[in-house]
>>> print(open('structure_26.cif').read())   # mmCIF, C-alpha atoms
data_coords
loop_
_atom_site.label_atom_id
_atom_site.label_comp_id
_atom_site.auth_asym_id
_atom_site.auth_seq_id
_atom_site.Cartn_x
_atom_site.Cartn_y
_atom_site.Cartn_z
CA MET A 199 0.00 0.00 0.00
CA TRP A 200 3.07 2.27 -0.15
CA TRP A 201 2.01 3.78 -3.50
CA GLY A 202 -0.96 5.55 -1.89
CA GLY A 203 1.17 7.43 0.60
CA GLN A 204 0.64 7.81 4.32
CA ASN A 205 -2.72 9.58 4.01
CA ALA A 206 -4.29 6.85 1.86
CA SER A 207 -3.02 4.03 4.05
CA SER A 208 -3.55 5.57 7.50
CA GLY A 209 -6.83 3.65 8.02
CA PHE A 210 -4.90 0.40 7.61
CA VAL A 211 -2.02 1.17 10.01
CA TRP A 212 -2.16 -0.20 13.56
CA HIS A 213 -2.39 2.62 16.12
CA ALA A 214 -1.93 1.91 19.81
CA ASN A 215 -4.64 4.35 20.88
CA ASP A 216 -7.47 3.25 18.58
CA TRP A 217 -6.87 -0.31 17.39
CA THR A 218 -9.95 -1.49 19.30
CA ARG A 219 -12.09 0.79 17.11
CA GLN A 220 -10.19 -0.43 14.04
CA PRO A 221 -9.45 -4.09 14.80
CA TRP A 222 -8.76 -4.89 11.12
CA THR A 223 -5.49 -3.00 11.52
CA LEU A 224 -4.14 -5.98 13.47
CA TRP A 225 -3.92 -7.64 10.04
CA THR A 226 -3.83 -4.83 7.49
CA SER A 227 -0.90 -2.97 9.03
CA ALA A 228 1.45 -5.73 7.91
CA TRP A 229 0.70 -4.82 4.29
CA VAL A 230 1.36 -1.10 4.71
CA HIS A 231 4.88 0.07 3.96
CA LEU A 232 5.88 3.65 4.50
CA SER A 233 8.77 3.82 2.03
CA THR A 234 10.01 1.96 -1.02
CA PRO A 235 13.13 0.57 0.73
CA HIS A 236 10.89 -0.64 3.58
CA LEU A 237 8.68 -2.47 1.07
CA ILE A 238 11.60 -3.98 -0.86
CA GLY A 239 13.32 -5.21 2.30
CA ASN A 240 10.16 -6.87 3.59
CA LEU A 241 9.36 -8.41 0.19
CA LEU A 242 12.85 -9.94 0.03
CA ALA A 243 12.43 -11.36 3.53
CA LEU A 244 8.95 -12.61 2.63
CA GLY A 245 10.47 -14.39 -0.35
CA GLY A 246 12.90 -16.15 2.00
CA VAL A 247 10.15 -17.25 4.38
CA ALA A 248 7.98 -18.36 1.45
CA ALA A 249 10.86 -20.39 -0.02
CA ALA A 250 11.45 -22.03 3.37
CA GLY A 251 7.74 -22.80 3.62
CA TRP A 252 7.80 -24.34 0.15
CA VAL A 253 10.63 -26.66 1.14
CA LEU A 254 9.42 -27.44 4.67
CA ARG A 255 5.73 -27.87 3.80
CA PRO A 256 4.38 -26.87 7.23
CA ASP A 257 0.99 -28.33 8.03
CA ALA A 258 -2.28 -26.48 8.64
CA ARG A 259 -1.47 -26.16 12.35
CA CYS A 260 1.61 -24.10 11.49
CA THR A 261 -0.46 -21.95 9.17
CA MET A 262 -3.04 -21.39 11.91
CA ALA A 263 -0.26 -20.52 14.37
CA TRP A 264 1.20 -17.96 11.96
CA LEU A 265 -2.24 -16.44 11.44
CA LEU A 266 -2.61 -16.19 15.22
CA ALA A 267 0.84 -14.60 15.51
CA TRP A 268 -0.35 -11.83 13.21
CA PRO A 269 -2.62 -10.00 15.71
CA LEU A 270 -0.65 -11.12 18.77
CA THR A 271 2.52 -9.51 17.43
CA GLN A 272 0.71 -6.18 16.98
CA VAL A 273 -1.23 -6.21 20.28
CA SER A 274 1.97 -7.00 22.19
CA LEU A 275 3.36 -3.65 21.07
CA LEU A 276 1.12 -2.08 23.72
CA LEU A 277 3.86 -3.06 26.19
CA TRP A 278 5.93 -0.17 24.77
CA PRO A 279 4.13 3.19 25.20
CA PRO A 280 6.53 4.98 22.79
CA VAL A 281 5.19 2.77 19.96
CA HIS A 282 2.23 4.81 18.77
CA HIS A 283 1.78 3.01 15.46
CA ALA A 284 3.29 0.18 13.45
CA ALA A 285 3.29 -0.83 9.81
CA GLY A 286 5.11 -3.48 7.80
CA LEU A 287 5.70 -7.20 7.71
CA SER A 288 8.85 -7.45 9.79
CA GLY A 289 7.25 -8.56 13.07
CA LEU A 290 5.16 -11.14 11.29
CA LEU A 291 8.19 -12.33 9.32
CA HIS A 292 10.12 -12.83 12.56
CA ALA A 293 7.19 -14.88 13.86
CA GLY A 294 7.08 -17.02 10.72
CA THR A 295 10.83 -17.55 10.68
CA LEU A 296 10.93 -18.68 14.29
CA LEU A 297 7.83 -20.81 13.91
CA LEU A 298 9.59 -22.68 11.09
CA ALA A 299 12.87 -22.77 13.06
CA VAL A 300 11.11 -24.48 15.98
CA GLN A 301 9.60 -27.06 13.62
CA LEU A 302 13.04 -27.75 12.17
CA ALA A 303 14.78 -27.85 15.56
CA LEU A 304 12.25 -30.34 16.89
CA GLY A 305 12.70 -32.52 13.82
CA THR A 306 9.09 -32.26 12.62
CA ALA A 307 10.06 -30.92 9.18
CA PRO A 308 10.83 -33.38 6.35
CA VAL A 309 14.36 -32.11 5.73
CA HIS A 310 17.69 -33.93 6.06
CA GLY A 311 19.52 -32.44 9.04
CA ALA A 312 16.40 -30.56 10.12
CA ARG A 313 17.43 -30.25 13.76
CA LEU A 314 20.78 -28.64 12.94
CA TRP A 315 19.20 -26.25 10.42
CA GLY A 316 16.52 -25.35 12.93
CA VAL A 317 19.00 -24.63 15.70
CA LEU A 318 21.11 -22.51 13.34
CA LEU A 319 18.09 -20.57 12.06
CA MET A 320 16.79 -20.04 15.58
CA ALA A 321 20.21 -18.95 16.85
CA GLY A 322 20.62 -16.49 13.99
CA ALA A 323 17.16 -14.96 14.31
CA LEU A 324 17.29 -14.74 18.10
CA THR A 325 20.81 -13.26 18.00
CA LYS A 326 19.53 -10.54 15.66
CA VAL A 327 16.64 -9.78 18.03
CA VAL A 328 18.94 -9.69 21.07
CA LEU A 329 21.43 -7.40 19.32
CA GLU A 330 18.61 -5.02 18.37
CA ARG A 331 17.50 -4.79 22.02
CA GLY A 332 13.90 -4.09 21.08
CA TRP A 333 12.85 -4.24 24.74
CA SER A 334 14.91 -1.12 25.53
CA GLN A 335 15.03 0.42 22.04
CA PRO A 336 11.56 -0.22 20.66
CA LEU A 337 11.93 2.44 17.95
CA VAL A 338 15.04 3.22 15.93
CA TRP A 339 15.35 5.72 13.08
CA GLN A 340 16.74 4.02 10.00
CA ALA A 341 18.09 6.53 7.50
CA ASP A 342 18.32 4.08 4.58
CA THR A 343 14.57 3.35 4.70
CA GLY A 344 13.52 6.79 5.88
CA ILE A 345 11.32 5.42 8.64
CA GLN A 346 11.38 4.53 12.30
CA VAL A 347 11.82 0.78 12.60
CA VAL A 348 9.68 -0.79 15.31
CA GLN A 349 12.25 -3.19 16.72
CA ALA A 350 9.77 -4.13 19.43
CA ALA A 351 7.73 -5.77 16.63
CA HIS A 352 10.73 -7.95 15.78
CA LEU A 353 10.90 -8.95 19.45
CA THR A 354 7.17 -9.64 19.80
CA GLY A 355 7.11 -11.53 16.51
CA ALA A 356 10.05 -13.67 17.61
CA PHE A 357 8.41 -14.34 20.97
CA TRP A 358 5.12 -15.44 19.43
CA GLY A 359 6.91 -17.45 16.74
CA VAL A 360 8.78 -19.51 19.33
CA LEU A 361 5.80 -19.88 21.68
CA LEU A 362 3.34 -20.83 18.94
CA GLY A 363 5.94 -23.08 17.31
CA LEU A 364 6.24 -25.01 20.56
CA GLY A 365 2.44 -25.10 20.81
CA VAL A 366 2.20 -26.56 17.31
CA ALA A 367 4.78 -29.21 18.21
CA VAL A 368 2.72 -30.25 21.26
CA TRP A 369 -0.42 -30.29 19.10
CA GLN A 370 1.32 -32.40 16.45
CA ARG A 371 2.57 -34.90 19.02
CA ALA A 372 -0.88 -35.15 20.63
CA GLY A 373 -2.39 -35.81 17.20
CA THR A 374 0.02 -38.66 16.47
CA LYS A 375 -0.60 -40.58 19.71
CA LYS A 376 -2.62 -43.76 19.50
CA PRO A 377 -5.91 -43.74 21.46
CA ALA A 378 -4.42 -46.06 24.13
CA GLU A 379 -1.44 -43.71 24.60
CA ALA A 380 -3.71 -40.68 24.87
CA GLY A 381 -5.55 -42.27 27.78
CA LEU A 382 -8.74 -43.00 25.82
#
>>> encode(input="structure_26.cif", output="structure tokens")
Amino acid sequence: MWWGGQNASSGFVWHANDWTRQPWTLWTSAWVHLSTPHLIGNLLALGGVAAAGWVLRPDARCTMAWLLAWPLTQVSLLLWPPVHHAAGLSGLLHAGTLLLAVQLALGTAPVHGARLWGVLLMAGALTKVVLERGWSQPLVWQADTGIQVVQAAHLTGAFWGVLLGLGVAVWQRAGTKKPAEAGL
């Protein structure tokens, strides 16, 4: 939605003070980009997550978890009062990346060496989030994109990606138990 400018897309951006009156912004804000470099960077990252999804073939539970991470990532930004609004895919991409990393690390993905790849992906993504220090620097001006980056969204996305990834793993294991093992 970057081509319409900030005025045209303002009704789709998540705002901390009025998201309850505009709940659709929990989803639509991910598709709003405030500059061309912001859009290009997120599209490249989306391509990487999509390629990983193509190879890993996550099941419907992973898809549902990622859809749930979408609003949770945005609502969690309320923990940082300086974050008045947020737009872009980066928080959601962090959630998707870590959701897939958990699946790999737990060996539920059909990939040779999945556990090692999952641990490496998780270590890389979490190292990035820790180095950004989104908990103490929720907003950082980024001159090359011309916007304030909401690093807290990277942190909340990573948190929900890991938590929901673990939840999916529990759900998958519960679904594969035989009735006698499940106590039925």
>>> resolve_selection(input="structure_26.cif", expression="the PyMOL selection byres ((chain A and resi 299-304) around 6)", output="PyMOL selection string")
chain A and resi 296-298+305-307+312-313+316-317+319-320+363
>>> write_last_selection(input="structure_26.cif", atoms="C-alpha atoms", output="JSON list (two decimals), in the frame of the given file")
[["chain", "number", "residue", "atom", "x", "y", "z"],
["A", 296, "LEU", "CA", 10.93, -18.68, 14.29],
["A", 297, "LEU", "CA", 7.83, -20.81, 13.91],
["A", 298, "LEU", "CA", 9.59, -22.68, 11.09],
["A", 305, "GLY", "CA", 12.70, -32.52, 13.82],
["A", 306, "THR", "CA", 9.09, -32.26, 12.62],
["A", 307, "ALA", "CA", 10.06, -30.92, 9.18],
["A", 312, "ALA", "CA", 16.40, -30.56, 10.12],
["A", 313, "ARG", "CA", 17.43, -30.25, 13.76],
["A", 316, "GLY", "CA", 16.52, -25.35, 12.93],
["A", 317, "VAL", "CA", 19.00, -24.63, 15.70],
["A", 319, "LEU", "CA", 18.09, -20.57, 12.06],
["A", 320, "MET", "CA", 16.79, -20.04, 15.58],
["A", 363, "GLY", "CA", 5.94, -23.08, 17.31]]
>>> closest_residue(input="structure_26.cif", among="A:Val366, A:Leu361, A:Ala214, A:Leu291", to="Ala258 (chain A)", atoms="all atoms listed in the file")
A:Val366
>>> resolve_selection(input="structure_26.cif", expression="the PyMOL selection byres ((chain A and resi 327) around 12)", output="PyMOL selection string")
chain A and resi 288-289+292-293+296+320-326+328-336+348-357
>>> resolve_selection(input="structure_26.cif", expression="the PyMOL selection byres ((chain A and resi 346) around 12)", output="ChimeraX atom specification")
/A:231-233,236,280-286,335-345,347-351
>>> residues_around(input="structure_26.cif", residues="region 262-274 of chain A", least_positions_apart="3", cutoff="6 Å", atoms="all atoms listed in the file", output="ChimeraX atom specification")
/A:224,259,277,290,354-355,358,362
>>> atom_distance(input="structure_26.cif", atom1="CA of Gln370 (chain A)", atom2="CA of Val247 (chain A)")
21.3 Å
>>> residues_around(input="structure_26.cif", residues="Ala243 (chain A)", least_positions_apart="2", cutoff="10 Å", atoms="only C-alpha atoms", output="list of chain:residue names")
A:Leu237, A:Ile238, A:Gly239, A:Asn240, A:Leu241, A:Gly245, A:Gly246, A:Val247, A:Ala248, A:Ala249, A:Leu287, A:Ser288, A:Leu291, A:His292, A:Thr295
>>> atom_distance(input="structure_26.cif", atom1="CA of Gly251 (chain A)", atom2="CA of Ala228 (chain A)")
18.7 Å
>>> atom_distance(input="structure_26.cif", atom1="CA of Thr261 (chain A)", atom2="CA of Asn215 (chain A)")
29.1 Å
>>> closest_residue(input="structure_26.cif", among="A:Val230, A:Cys260, A:Leu242, A:Leu275", to="Phe210 (chain A)", atoms="only C-alpha atoms")
A:Val230
>>> closest_residue(input="structure_26.cif", among="A:Trp252, A:Thr223, A:Asp257, A:Trp229", to="Ala367 (chain A)", atoms="all atoms listed in the file")
A:Asp257
>>> decode(input="structure_26.cif", residues="region 274-317 of chain A", atoms="N, CA and C atoms", output="PDB file, in the first residue's frame")
ATOM      1  N   SER A 274       0.876  -6.997  21.217  1.00  0.00           N
ATOM      2  CA  SER A 274       1.970  -7.003  22.191  1.00  0.00           C
ATOM      3  C   SER A 274       2.760  -5.711  22.188  1.00  0.00           C
ATOM      4  N   LEU A 275       2.656  -4.932  21.126  1.00  0.00           N
ATOM      5  CA  LEU A 275       3.357  -3.647  21.068  1.00  0.00           C
ATOM      6  C   LEU A 275       2.825  -2.660  22.102  1.00  0.00           C
ATOM      7  N   LEU A 276       1.670  -2.948  22.666  1.00  0.00           N
ATOM      8  CA  LEU A 276       1.123  -2.083  23.721  1.00  0.00           C
ATOM      9  C   LEU A 276       2.020  -2.057  24.948  1.00  0.00           C
ATOM     10  N   LEU A 277       2.920  -3.028  25.071  1.00  0.00           N
ATOM     11  CA  LEU A 277       3.862  -3.059  26.189  1.00  0.00           C
ATOM     12  C   LEU A 277       4.878  -1.916  26.124  1.00  0.00           C
ATOM     13  N   TRP A 278       4.988  -1.267  24.957  1.00  0.00           N
ATOM     14  CA  TRP A 278       5.931  -0.167  24.769  1.00  0.00           C
ATOM     15  C   TRP A 278       5.160   1.105  24.434  1.00  0.00           C
ATOM     16  N   PRO A 279       4.880   1.951  25.434  1.00  0.00           N
ATOM     17  CA  PRO A 279       4.129   3.192  25.197  1.00  0.00           C
ATOM     18  C   PRO A 279       4.704   4.097  24.098  1.00  0.00           C
ATOM     19  N   PRO A 280       6.030   4.133  23.873  1.00  0.00           N
ATOM     20  CA  PRO A 280       6.530   4.983  22.787  1.00  0.00           C
ATOM     21  C   PRO A 280       6.090   4.530  21.386  1.00  0.00           C
ATOM     22  N   VAL A 281       5.636   3.280  21.267  1.00  0.00           N
ATOM     23  CA  VAL A 281       5.194   2.774  19.960  1.00  0.00           C
ATOM     24  C   VAL A 281       3.743   3.202  19.767  1.00  0.00           C
ATOM     25  N   HIS A 282       3.572   4.262  19.012  1.00  0.00           N
ATOM     26  CA  HIS A 282       2.234   4.815  18.768  1.00  0.00           C
ATOM     27  C   HIS A 282       1.550   4.144  17.587  1.00  0.00           C
ATOM     28  N   HIS A 283       2.337   3.684  16.631  1.00  0.00           N
ATOM     29  CA  HIS A 283       1.780   3.008  15.461  1.00  0.00           C
ATOM     30  C   HIS A 283       2.836   2.061  14.892  1.00  0.00           C
ATOM     31  N   ALA A 284       2.368   1.134  14.074  1.00  0.00           N
ATOM     32  CA  ALA A 284       3.290   0.184  13.445  1.00  0.00           C
ATOM     33  C   ALA A 284       2.738  -0.218  12.090  1.00  0.00           C
ATOM     34  N   ALA A 285       3.644  -0.381  11.152  1.00  0.00           N
ATOM     35  CA  ALA A 285       3.295  -0.834   9.810  1.00  0.00           C
ATOM     36  C   ALA A 285       4.435  -1.696   9.288  1.00  0.00           C
ATOM     37  N   GLY A 286       4.104  -2.629   8.421  1.00  0.00           N
ATOM     38  CA  GLY A 286       5.114  -3.476   7.802  1.00  0.00           C
ATOM     39  C   GLY A 286       5.036  -4.923   8.256  1.00  0.00           C
ATOM     40  N   LEU A 287       5.723  -5.753   7.502  1.00  0.00           N
ATOM     41  CA  LEU A 287       5.696  -7.200   7.706  1.00  0.00           C
ATOM     42  C   LEU A 287       6.748  -7.733   8.668  1.00  0.00           C
ATOM     43  N   SER A 288       7.675  -6.906   9.106  1.00  0.00           N
ATOM     44  CA  SER A 288       8.846  -7.453   9.794  1.00  0.00           C
ATOM     45  C   SER A 288       8.528  -8.243  11.056  1.00  0.00           C
ATOM     46  N   GLY A 289       7.597  -7.786  11.877  1.00  0.00           N
ATOM     47  CA  GLY A 289       7.247  -8.557  13.073  1.00  0.00           C
ATOM     48  C   GLY A 289       6.662  -9.910  12.714  1.00  0.00           C
ATOM     49  N   LEU A 290       5.784  -9.899  11.742  1.00  0.00           N
ATOM     50  CA  LEU A 290       5.163 -11.141  11.288  1.00  0.00           C
ATOM     51  C   LEU A 290       6.186 -12.075  10.642  1.00  0.00           C
ATOM     52  N   LEU A 291       7.145 -11.512   9.918  1.00  0.00           N
ATOM     53  CA  LEU A 291       8.195 -12.333   9.315  1.00  0.00           C
ATOM     54  C   LEU A 291       9.086 -12.969  10.379  1.00  0.00           C
ATOM     55  N   HIS A 292       9.366 -12.236  11.452  1.00  0.00           N
ATOM     56  CA  HIS A 292      10.124 -12.829  12.560  1.00  0.00           C
ATOM     57  C   HIS A 292       9.336 -13.988  13.170  1.00  0.00           C
ATOM     58  N   ALA A 293       8.028 -13.803  13.315  1.00  0.00           N
ATOM     59  CA  ALA A 293       7.191 -14.881  13.863  1.00  0.00           C
ATOM     60  C   ALA A 293       7.236 -16.104  12.952  1.00  0.00           C
ATOM     61  N   GLY A 294       7.065 -15.903  11.659  1.00  0.00           N
ATOM     62  CA  GLY A 294       7.078 -17.021  10.720  1.00  0.00           C
ATOM     63  C   GLY A 294       8.415 -17.736  10.679  1.00  0.00           C
ATOM     64  N   THR A 295       9.489 -16.964  10.704  1.00  0.00           N
ATOM     65  CA  THR A 295      10.829 -17.551  10.679  1.00  0.00           C
ATOM     66  C   THR A 295      11.057 -18.420  11.909  1.00  0.00           C
ATOM     67  N   LEU A 296      10.694 -17.906  13.064  1.00  0.00           N
ATOM     68  CA  LEU A 296      10.931 -18.680  14.288  1.00  0.00           C
ATOM     69  C   LEU A 296       9.960 -19.831  14.437  1.00  0.00           C
ATOM     70  N   LEU A 297       8.763 -19.689  13.925  1.00  0.00           N
ATOM     71  CA  LEU A 297       7.825 -20.809  13.906  1.00  0.00           C
ATOM     72  C   LEU A 297       8.415 -21.967  13.094  1.00  0.00           C
ATOM     73  N   LEU A 298       8.957 -21.651  11.919  1.00  0.00           N
ATOM     74  CA  LEU A 298       9.592 -22.680  11.088  1.00  0.00           C
ATOM     75  C   LEU A 298      10.864 -23.218  11.748  1.00  0.00           C
ATOM     76  N   ALA A 299      11.633 -22.341  12.391  1.00  0.00           N
ATOM     77  CA  ALA A 299      12.865 -22.775  13.059  1.00  0.00           C
ATOM     78  C   ALA A 299      12.563 -23.786  14.163  1.00  0.00           C
ATOM     79  N   VAL A 300      11.500 -23.542  14.916  1.00  0.00           N
ATOM     80  CA  VAL A 300      11.113 -24.480  15.979  1.00  0.00           C
ATOM     81  C   VAL A 300      10.738 -25.827  15.364  1.00  0.00           C
ATOM     82  N   GLN A 301       9.987 -25.802  14.272  1.00  0.00           N
ATOM     83  CA  GLN A 301       9.603 -27.059  13.619  1.00  0.00           C
ATOM     84  C   GLN A 301      10.836 -27.823  13.156  1.00  0.00           C
ATOM     85  N   LEU A 302      11.791 -27.110  12.595  1.00  0.00           N
ATOM     86  CA  LEU A 302      13.043 -27.745  12.172  1.00  0.00           C
ATOM     87  C   LEU A 302      13.815 -28.292  13.376  1.00  0.00           C
ATOM     88  N   ALA A 303      13.986 -27.462  14.394  1.00  0.00           N
ATOM     89  CA  ALA A 303      14.782 -27.854  15.564  1.00  0.00           C
ATOM     90  C   ALA A 303      14.203 -29.061  16.275  1.00  0.00           C
ATOM     91  N   LEU A 304      12.889 -29.201  16.235  1.00  0.00           N
ATOM     92  CA  LEU A 304      12.250 -30.344  16.890  1.00  0.00           C
ATOM     93  C   LEU A 304      12.153 -31.555  15.967  1.00  0.00           C
ATOM     94  N   GLY A 305      12.656 -31.392  14.752  1.00  0.00           N
ATOM     95  CA  GLY A 305      12.697 -32.519  13.821  1.00  0.00           C
ATOM     96  C   GLY A 305      11.356 -32.872  13.210  1.00  0.00           C
ATOM     97  N   THR A 306      10.402 -31.952  13.204  1.00  0.00           N
ATOM     98  CA  THR A 306       9.094 -32.262  12.622  1.00  0.00           C
ATOM     99  C   THR A 306       9.014 -31.913  11.139  1.00  0.00           C
ATOM    100  N   ALA A 307      10.052 -31.285  10.603  1.00  0.00           N
ATOM    101  CA  ALA A 307      10.065 -30.921   9.182  1.00  0.00           C
ATOM    102  C   ALA A 307      10.764 -32.020   8.378  1.00  0.00           C
ATOM    103  N   PRO A 308      10.265 -32.307   7.164  1.00  0.00           N
ATOM    104  CA  PRO A 308      10.835 -33.383   6.347  1.00  0.00           C
ATOM    105  C   PRO A 308      12.088 -32.941   5.585  1.00  0.00           C
ATOM    106  N   VAL A 309      13.125 -32.590   6.334  1.00  0.00           N
ATOM    107  CA  VAL A 309      14.360 -32.107   5.730  1.00  0.00           C
ATOM    108  C   VAL A 309      15.527 -32.833   6.368  1.00  0.00           C
ATOM    109  N   HIS A 310      16.483 -33.274   5.536  1.00  0.00           N
ATOM    110  CA  HIS A 310      17.685 -33.926   6.057  1.00  0.00           C
ATOM    111  C   HIS A 310      18.452 -32.925   6.924  1.00  0.00           C
ATOM    112  N   GLY A 311      18.795 -33.314   8.117  1.00  0.00           N
ATOM    113  CA  GLY A 311      19.518 -32.444   9.043  1.00  0.00           C
ATOM    114  C   GLY A 311      18.646 -31.331   9.611  1.00  0.00           C
ATOM    115  N   ALA A 312      17.353 -31.589   9.703  1.00  0.00           N
ATOM    116  CA  ALA A 312      16.400 -30.564  10.124  1.00  0.00           C
ATOM    117  C   ALA A 312      16.766 -29.949  11.474  1.00  0.00           C
ATOM    118  N   ARG A 313      17.140 -30.770  12.415  1.00  0.00           N
ATOM    119  CA  ARG A 313      17.432 -30.247  13.757  1.00  0.00           C
ATOM    120  C   ARG A 313      18.578 -29.233  13.732  1.00  0.00           C
ATOM    121  N   LEU A 314      19.643 -29.553  13.026  1.00  0.00           N
ATOM    122  CA  LEU A 314      20.779 -28.642  12.935  1.00  0.00           C
ATOM    123  C   LEU A 314      20.365 -27.339  12.244  1.00  0.00           C
ATOM    124  N   TRP A 315      19.647 -27.443  11.124  1.00  0.00           N
ATOM    125  CA  TRP A 315      19.200 -26.250  10.418  1.00  0.00           C
ATOM    126  C   TRP A 315      18.271 -25.408  11.294  1.00  0.00           C
ATOM    127  N   GLY A 316      17.424 -26.078  12.049  1.00  0.00           N
ATOM    128  CA  GLY A 316      16.519 -25.352  12.934  1.00  0.00           C
ATOM    129  C   GLY A 316      17.248 -24.613  14.034  1.00  0.00           C
ATOM    130  N   VAL A 317      18.215 -25.266  14.639  1.00  0.00           N
ATOM    131  CA  VAL A 317      18.996 -24.626  15.703  1.00  0.00           C
ATOM    132  C   VAL A 317      19.775 -23.437  15.141  1.00  0.00           C
TER     133      VAL A 317
END
